[in-house]
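Student: If you scroll down you'll find the structure; I have some questions about it.
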Amino acid sequence: MSNESIKVEQDLIQEGVESEVSTTEASLIDELTQANFRIEELEQLLAEALAKVEEQKDSVIRAAAEVDNIRRRAAMDVEKANKFALEKFAGELLPVLDNMERALMGTNPEDDATKAIYQGVELTQKSLLTAVAKFGVKQIDPQGESFNPDQHQAIGMQPSAEFPANTVMLVMQKGYELNSRLLRPAMVMVSQGGPNQESATIDIQA
């Protein structure tokens, strides 16, 4: 074989090797490109999944907060209902208590003729007040106390050397409250004080 033939053969082998290498490189580049595309696609899918998880997590947190608010409101409503369920019934009892008060004022505990009646009415009144007190009903008897417009209704004002200004000098009708909620204000007469005492202006309601 001549040198020329050998060289031609070597060149052909070299070209074949280079061609194979080039094909392999192209194949690798193609695979890397596809892999990069796949990675980008997976990263995008992961980002979308994470965003969806965050959105659902936020929805779950809002839903849990709403459920908690509903539970608290329901508990408050139940507590309020239990606390003031007797309001109407207690209001119906007030005239009964008023009549007992009038019966006591109309009898004399020192008079033998009315002593038994007085004691019986007094005992019944105390028993009834004790019974309703267990359910939160409290009597308002502000005799000698400072006038409180939140609990007292002033029927009038009179000068008095005995009571300081703006003091309840006479309770004409006792008031009542249910668990600190006013059922009825006490109807009172308020002292204007003596000649040297100053008194505040009080709204008189009929």
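We label chains A, B, ... in the order they appear in the structure tokens, count residues from 1 in each chain, and number ligands from 1 in the order shown.
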What are the closest atom pairs, with distances in Å to one decimal, for each residue of region 72-92 of chain A lying within 10 Å of region 169-182 of chain A, using only C-alpha atoms, rows by chain and rising residue number, as a Markdown table?
Tutor:
```
| residue | atom | partner | partner_atom | distance |
| --- | --- | --- | --- | --- |
| A:Lys83 | CA | A:Asn179 | CA | 7.0 |
| A:Phe84 | CA | A:Leu178 | CA | 7.3 |
| A:Leu86 | CA | A:Leu178 | CA | 8.4 |
| A:Glu87 | CA | A:Leu178 | CA | 6.9 |
| A:Ala90 | CA | A:Leu178 | CA | 8.0 |
| A:Gly91 | CA | A:Tyr176 | CA | 8.9 |
```
Student: Could those selected residues go to a file with all heavy atoms, as a PDB file, in the first residue's frame?
Tutor:
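Once everything was written out, this is result.pdb:
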```pdb
ATOM      1  N   LYS A  83     -78.156  34.863  81.035  1.00  0.00           N
ATOM      2  CA  LYS A  83     -78.069  35.909  82.044  1.00  0.00           C
ATOM      3  C   LYS A  83     -79.348  36.729  82.152  1.00  0.00           C
ATOM      4  O   LYS A  83     -79.775  37.115  83.241  1.00  0.00           O
ATOM      5  CB  LYS A  83     -76.893  36.830  81.703  1.00  0.00           C
ATOM      6  CG  LYS A  83     -76.393  37.668  82.860  1.00  0.00           C
ATOM      7  CD  LYS A  83     -75.115  38.391  82.451  1.00  0.00           C
ATOM      8  CE  LYS A  83     -74.517  39.134  83.635  1.00  0.00           C
ATOM      9  NZ  LYS A  83     -73.289  39.862  83.250  1.00  0.00           N
ATOM     10  N   PHE A  84     -79.993  36.972  80.999  1.00  0.00           N
ATOM     11  CA  PHE A  84     -81.142  37.866  80.995  1.00  0.00           C
ATOM     12  C   PHE A  84     -82.441  37.179  80.565  1.00  0.00           C
ATOM     13  O   PHE A  84     -83.407  37.838  80.198  1.00  0.00           O
ATOM     14  CB  PHE A  84     -80.857  39.057  80.077  1.00  0.00           C
ATOM     15  CG  PHE A  84     -79.658  39.857  80.502  1.00  0.00           C
ATOM     16  CD1 PHE A  84     -78.500  39.836  79.746  1.00  0.00           C
ATOM     17  CD2 PHE A  84     -79.674  40.600  81.668  1.00  0.00           C
ATOM     18  CE1 PHE A  84     -77.381  40.561  80.136  1.00  0.00           C
ATOM     19  CE2 PHE A  84     -78.567  41.323  82.070  1.00  0.00           C
ATOM     20  CZ  PHE A  84     -77.415  41.303  81.301  1.00  0.00           C
ATOM     21  N   LEU A  86     -84.481  35.787  82.425  1.00  0.00           N
ATOM     22  CA  LEU A  86     -85.511  36.055  83.429  1.00  0.00           C
ATOM     23  C   LEU A  86     -85.944  37.521  83.460  1.00  0.00           C
ATOM     24  O   LEU A  86     -86.721  37.910  84.346  1.00  0.00           O
ATOM     25  CB  LEU A  86     -84.989  35.662  84.820  1.00  0.00           C
ATOM     26  CG  LEU A  86     -84.747  34.168  85.056  1.00  0.00           C
ATOM     27  CD1 LEU A  86     -84.154  33.944  86.433  1.00  0.00           C
ATOM     28  CD2 LEU A  86     -86.044  33.398  84.916  1.00  0.00           C
ATOM     29  N   GLU A  87     -85.465  38.318  82.508  1.00  0.00           N
ATOM     30  CA  GLU A  87     -85.758  39.756  82.567  1.00  0.00           C
ATOM     31  C   GLU A  87     -87.259  40.034  82.528  1.00  0.00           C
ATOM     32  O   GLU A  87     -87.774  40.821  83.336  1.00  0.00           O
ATOM     33  CB  GLU A  87     -85.054  40.471  81.410  1.00  0.00           C
ATOM     34  CG  GLU A  87     -85.210  41.979  81.466  1.00  0.00           C
ATOM     35  CD  GLU A  87     -84.310  42.682  80.468  1.00  0.00           C
ATOM     36  OE1 GLU A  87     -83.629  41.994  79.692  1.00  0.00           O
ATOM     37  OE2 GLU A  87     -84.304  43.931  80.461  1.00  0.00           O
ATOM     38  N   ALA A  90     -88.860  38.739  85.760  1.00  0.00           N
ATOM     39  CA  ALA A  90     -88.520  39.611  86.886  1.00  0.00           C
ATOM     40  C   ALA A  90     -89.327  40.904  86.817  1.00  0.00           C
ATOM     41  O   ALA A  90     -89.773  41.423  87.855  1.00  0.00           O
ATOM     42  CB  ALA A  90     -87.024  39.911  86.880  1.00  0.00           C
ATOM     43  N   GLY A  91     -89.521  41.420  85.597  1.00  0.00           N
ATOM     44  CA  GLY A  91     -90.317  42.633  85.445  1.00  0.00           C
ATOM     45  C   GLY A  91     -91.750  42.449  85.903  1.00  0.00           C
ATOM     46  O   GLY A  91     -92.364  43.363  86.467  1.00  0.00           O
TER      47      GLY A  91
END
```
Student: Would you list, as a ChimeraX atom specification, the residues of region 38-156 of chain A that end up in alpha helix (DSSP H) under DSSP run on this structure's backbone?
Tutor: /A:38-84,87-105,112-133
Student: Using only C-alpha atoms, which protein or nucleic acid residues come within 7 Å of region 100-107 of chain A? Drop anything in the same chain fewer than 4 positions from it, and give the result as a PyMOL selection string.
Tutor: chain A and resi 96+114+118+121-122+125
Student: Selected residues, N, CA, C and O atoms, written as a short mmCIF file (atom, residue, chain, number, x, y, z; two decimals), in the first residue's frame, please.
Tutor:
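part-v2.cif written:
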```cif
data_model
loop_
_atom_site.label_atom_id
_atom_site.label_comp_id
_atom_site.auth_asym_id
_atom_site.auth_seq_id
_atom_site.Cartn_x
_atom_site.Cartn_y
_atom_site.Cartn_z
N VAL A 96 -95.63 43.02 92.31
CA VAL A 96 -95.88 42.21 93.51
C VAL A 96 -95.03 42.73 94.66
O VAL A 96 -95.52 42.90 95.79
N THR A 114 -102.33 44.87 113.73
CA THR A 114 -101.70 44.69 112.40
C THR A 114 -100.31 44.06 112.48
O THR A 114 -99.67 43.85 111.45
N TYR A 118 -98.15 42.53 109.42
CA TYR A 118 -96.86 43.14 109.06
C TYR A 118 -95.76 42.09 109.01
O TYR A 118 -94.98 42.02 108.05
N VAL A 121 -96.23 39.71 105.95
CA VAL A 121 -95.86 40.34 104.68
C VAL A 121 -94.34 40.55 104.62
O VAL A 121 -93.72 40.32 103.57
N GLU A 122 -93.74 40.97 105.72
CA GLU A 122 -92.30 41.21 105.75
C GLU A 122 -91.52 39.92 105.49
O GLU A 122 -90.55 39.91 104.72
N GLN A 125 -91.94 38.99 101.84
CA GLN A 125 -91.13 39.87 101.00
C GLN A 125 -89.65 39.48 101.06
O GLN A 125 -88.98 39.40 100.02
#
```
Student: Using only C-alpha atoms, which of the listed residues (A:Ala51, A:Ser146, A:Ala154, A:Asp77) sits closest to Gly193 (chain A)?
Tutor: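 Among the listed residues, A:Ser146 lies closest to Gly193 (chain A).
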Student: Would you mind telling me which residue in A:Ser191, A:Lys134, A:Leu183, A:Asn148 lies nearest to Glu162 (chain A) when using only C-alpha atoms?
Tutor: A:Ser191
Student: For Thr167 (chain A), list every protein, DNA or RNA residue within 8 Å, evaluated using only C-alpha atoms, and leave out those in the same chain fewer than 6 positions away; present the list as an NGL selection string.
Tutor: :A and (144-147 or 190-192)
Student: Which of region 56-205 of chain A end up as strand (DSSP E) when DSSP is run on this backbone - answer as JSON, numbers by chain?
Tutor: {"A": [137, 138, 139, 140, 152, 153, 154, 155, 156, 157, 158, 159, 168, 169, 170, 171, 172, 173, 175, 176, 177, 178, 181, 182, 183, 184, 186, 187, 188, 189, 190, 191, 192, 193]}
Student: Can those selected residues be exported to a file as an mmCIF file, in the first residue's frame so that it contains N, CA and C atoms?
Tutor:
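The file below, result-v9.cif, is the result:
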```
data_model
loop_
_atom_site.group_PDB
_atom_site.id
_atom_site.type_symbol
_atom_site.label_atom_id
_atom_site.label_comp_id
_atom_site.auth_asym_id
_atom_site.auth_seq_id
_atom_site.Cartn_x
_atom_site.Cartn_y
_atom_site.Cartn_z
ATOM 1 N N VAL A 137 -81.425 39.199 90.569
ATOM 2 C CA VAL A 137 -82.285 40.371 90.771
ATOM 3 C C VAL A 137 -81.894 41.051 92.080
ATOM 4 N N LYS A 138 -81.594 42.341 91.990
ATOM 5 C CA LYS A 138 -81.143 43.087 93.167
ATOM 6 C C LYS A 138 -81.988 44.349 93.332
ATOM 7 N N GLN A 139 -82.373 44.616 94.588
ATOM 8 C CA GLN A 139 -83.180 45.793 94.880
ATOM 9 C C GLN A 139 -82.288 47.029 94.987
ATOM 10 N N ILE A 140 -82.780 48.155 94.466
ATOM 11 C CA ILE A 140 -82.064 49.432 94.562
ATOM 12 C C ILE A 140 -82.814 50.317 95.548
ATOM 13 N N HIS A 152 -81.221 56.143 89.367
ATOM 14 C CA HIS A 152 -82.293 56.848 90.066
ATOM 15 C C HIS A 152 -83.032 57.788 89.117
ATOM 16 N N GLN A 153 -84.322 57.926 89.368
ATOM 17 C CA GLN A 153 -85.134 58.885 88.631
ATOM 18 C C GLN A 153 -85.656 59.918 89.618
ATOM 19 N N ALA A 154 -85.196 61.145 89.449
ATOM 20 C CA ALA A 154 -85.576 62.210 90.379
ATOM 21 C C ALA A 154 -86.978 62.705 90.064
ATOM 22 N N ILE A 155 -87.857 62.644 91.077
ATOM 23 C CA ILE A 155 -89.221 63.144 90.928
ATOM 24 C C ILE A 155 -89.276 64.634 91.271
ATOM 25 N N GLY A 156 -88.393 65.063 92.150
ATOM 26 C CA GLY A 156 -88.355 66.459 92.548
ATOM 27 C C GLY A 156 -87.163 66.725 93.446
ATOM 28 N N MET A 157 -86.969 68.004 93.756
ATOM 29 C CA MET A 157 -85.890 68.425 94.663
ATOM 30 C C MET A 157 -86.470 69.329 95.737
ATOM 31 N N GLN A 158 -85.963 69.174 96.972
ATOM 32 C CA GLN A 158 -86.455 69.983 98.090
ATOM 33 C C GLN A 158 -85.276 70.432 98.942
ATOM 34 N N PRO A 159 -85.371 71.620 99.504
ATOM 35 C CA PRO A 159 -84.324 72.057 100.438
ATOM 36 C C PRO A 159 -84.333 71.152 101.674
ATOM 37 N N VAL A 168 -80.182 61.555 98.040
ATOM 38 C CA VAL A 168 -81.537 61.021 98.029
ATOM 39 C C VAL A 168 -82.107 61.121 99.442
ATOM 40 N N MET A 169 -83.131 61.957 99.597
ATOM 41 C CA MET A 169 -83.720 62.151 100.921
ATOM 42 C C MET A 169 -84.988 61.320 101.120
ATOM 43 N N LEU A 170 -85.565 60.838 100.003
ATOM 44 C CA LEU A 170 -86.774 60.033 100.113
ATOM 45 C C LEU A 170 -86.878 59.107 98.899
ATOM 46 N N VAL A 171 -87.123 57.817 99.168
ATOM 47 C CA VAL A 171 -87.317 56.841 98.096
ATOM 48 C C VAL A 171 -88.810 56.568 97.989
ATOM 49 N N MET A 172 -89.413 56.980 96.906
ATOM 50 C CA MET A 172 -90.848 56.793 96.720
ATOM 51 C C MET A 172 -91.175 55.440 96.095
ATOM 52 N N GLN A 173 -90.254 54.918 95.324
ATOM 53 C CA GLN A 173 -90.423 53.582 94.755
ATOM 54 C C GLN A 173 -89.027 53.000 94.518
ATOM 55 N N GLY A 175 -86.001 50.741 93.135
ATOM 56 C CA GLY A 175 -85.643 50.261 91.804
ATOM 57 C C GLY A 175 -85.117 48.836 91.867
ATOM 58 N N TYR A 176 -84.909 48.248 90.703
ATOM 59 C CA TYR A 176 -84.392 46.871 90.633
ATOM 60 C C TYR A 176 -83.474 46.737 89.428
ATOM 61 N N GLU A 177 -82.495 45.860 89.564
ATOM 62 C CA GLU A 177 -81.601 45.540 88.462
ATOM 63 C C GLU A 177 -81.428 44.028 88.368
ATOM 64 N N LEU A 178 -81.131 43.575 87.156
ATOM 65 C CA LEU A 178 -80.930 42.148 86.903
ATOM 66 C C LEU A 178 -79.530 41.961 86.342
ATOM 67 N N ARG A 181 -77.981 44.944 85.010
ATOM 68 C CA ARG A 181 -78.766 45.649 83.994
ATOM 69 C C ARG A 181 -80.007 46.224 84.678
ATOM 70 N N LEU A 182 -80.246 47.512 84.467
ATOM 71 C CA LEU A 182 -81.344 48.195 85.146
ATOM 72 C C LEU A 182 -82.688 47.694 84.638
ATOM 73 N N LEU A 183 -83.507 47.203 85.563
ATOM 74 C CA LEU A 183 -84.874 46.826 85.231
ATOM 75 C C LEU A 183 -85.805 48.026 85.388
ATOM 76 N N ARG A 184 -85.604 48.758 86.487
ATOM 77 C CA ARG A 184 -86.419 49.940 86.748
ATOM 78 C C ARG A 184 -85.649 50.855 87.693
ATOM 79 N N ALA A 186 -84.962 53.657 90.593
ATOM 80 C CA ALA A 186 -85.631 54.036 91.841
ATOM 81 C C ALA A 186 -86.169 55.463 91.693
ATOM 82 N N MET A 187 -87.434 55.673 92.083
ATOM 83 C CA MET A 187 -88.037 57.009 92.006
ATOM 84 C C MET A 187 -87.764 57.709 93.326
ATOM 85 N N VAL A 188 -87.061 58.857 93.256
ATOM 86 C CA VAL A 188 -86.550 59.470 94.485
ATOM 87 C C VAL A 188 -86.819 60.973 94.518
ATOM 88 N N MET A 189 -86.749 61.491 95.749
ATOM 89 C CA MET A 189 -86.744 62.928 95.983
ATOM 90 C C MET A 189 -85.321 63.296 96.397
ATOM 91 N N VAL A 190 -84.789 64.349 95.778
ATOM 92 C CA VAL A 190 -83.381 64.708 95.980
ATOM 93 C C VAL A 190 -83.290 65.997 96.797
ATOM 94 N N SER A 191 -82.316 66.017 97.694
ATOM 95 C CA SER A 191 -82.115 67.183 98.559
ATOM 96 C C SER A 191 -81.376 68.288 97.816
ATOM 97 N N GLN A 192 -81.840 69.498 98.033
ATOM 98 C CA GLN A 192 -81.128 70.669 97.520
ATOM 99 C C GLN A 192 -80.117 71.178 98.530
ATOM 100 N N GLY A 193 -80.120 70.576 99.713
ATOM 101 C CA GLY A 193 -79.219 71.012 100.768
ATOM 102 C C GLY A 193 -79.768 72.200 101.533
#
```
Student: For the atom pair CA of Val60 (chain A) and CA of Ala47 (chain A), what is the interatomic distance in Å to one decimal place?
Tutor: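 Distance reported for this atom pair: 19.7 Å.
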Student: Between CA of Ile29 (chain A) and CA of Leu45 (chain A), measure the distance and give it in Å to one decimal.
Tutor: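 Computing it gives 24.0 Å between the two atoms.
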Student: So the first atom is CA of Asn82 (chain A) and the second is CA of Phe135 (chain A); what is the distance between them in Å, to one decimal place?
Tutor: 10.1 Å
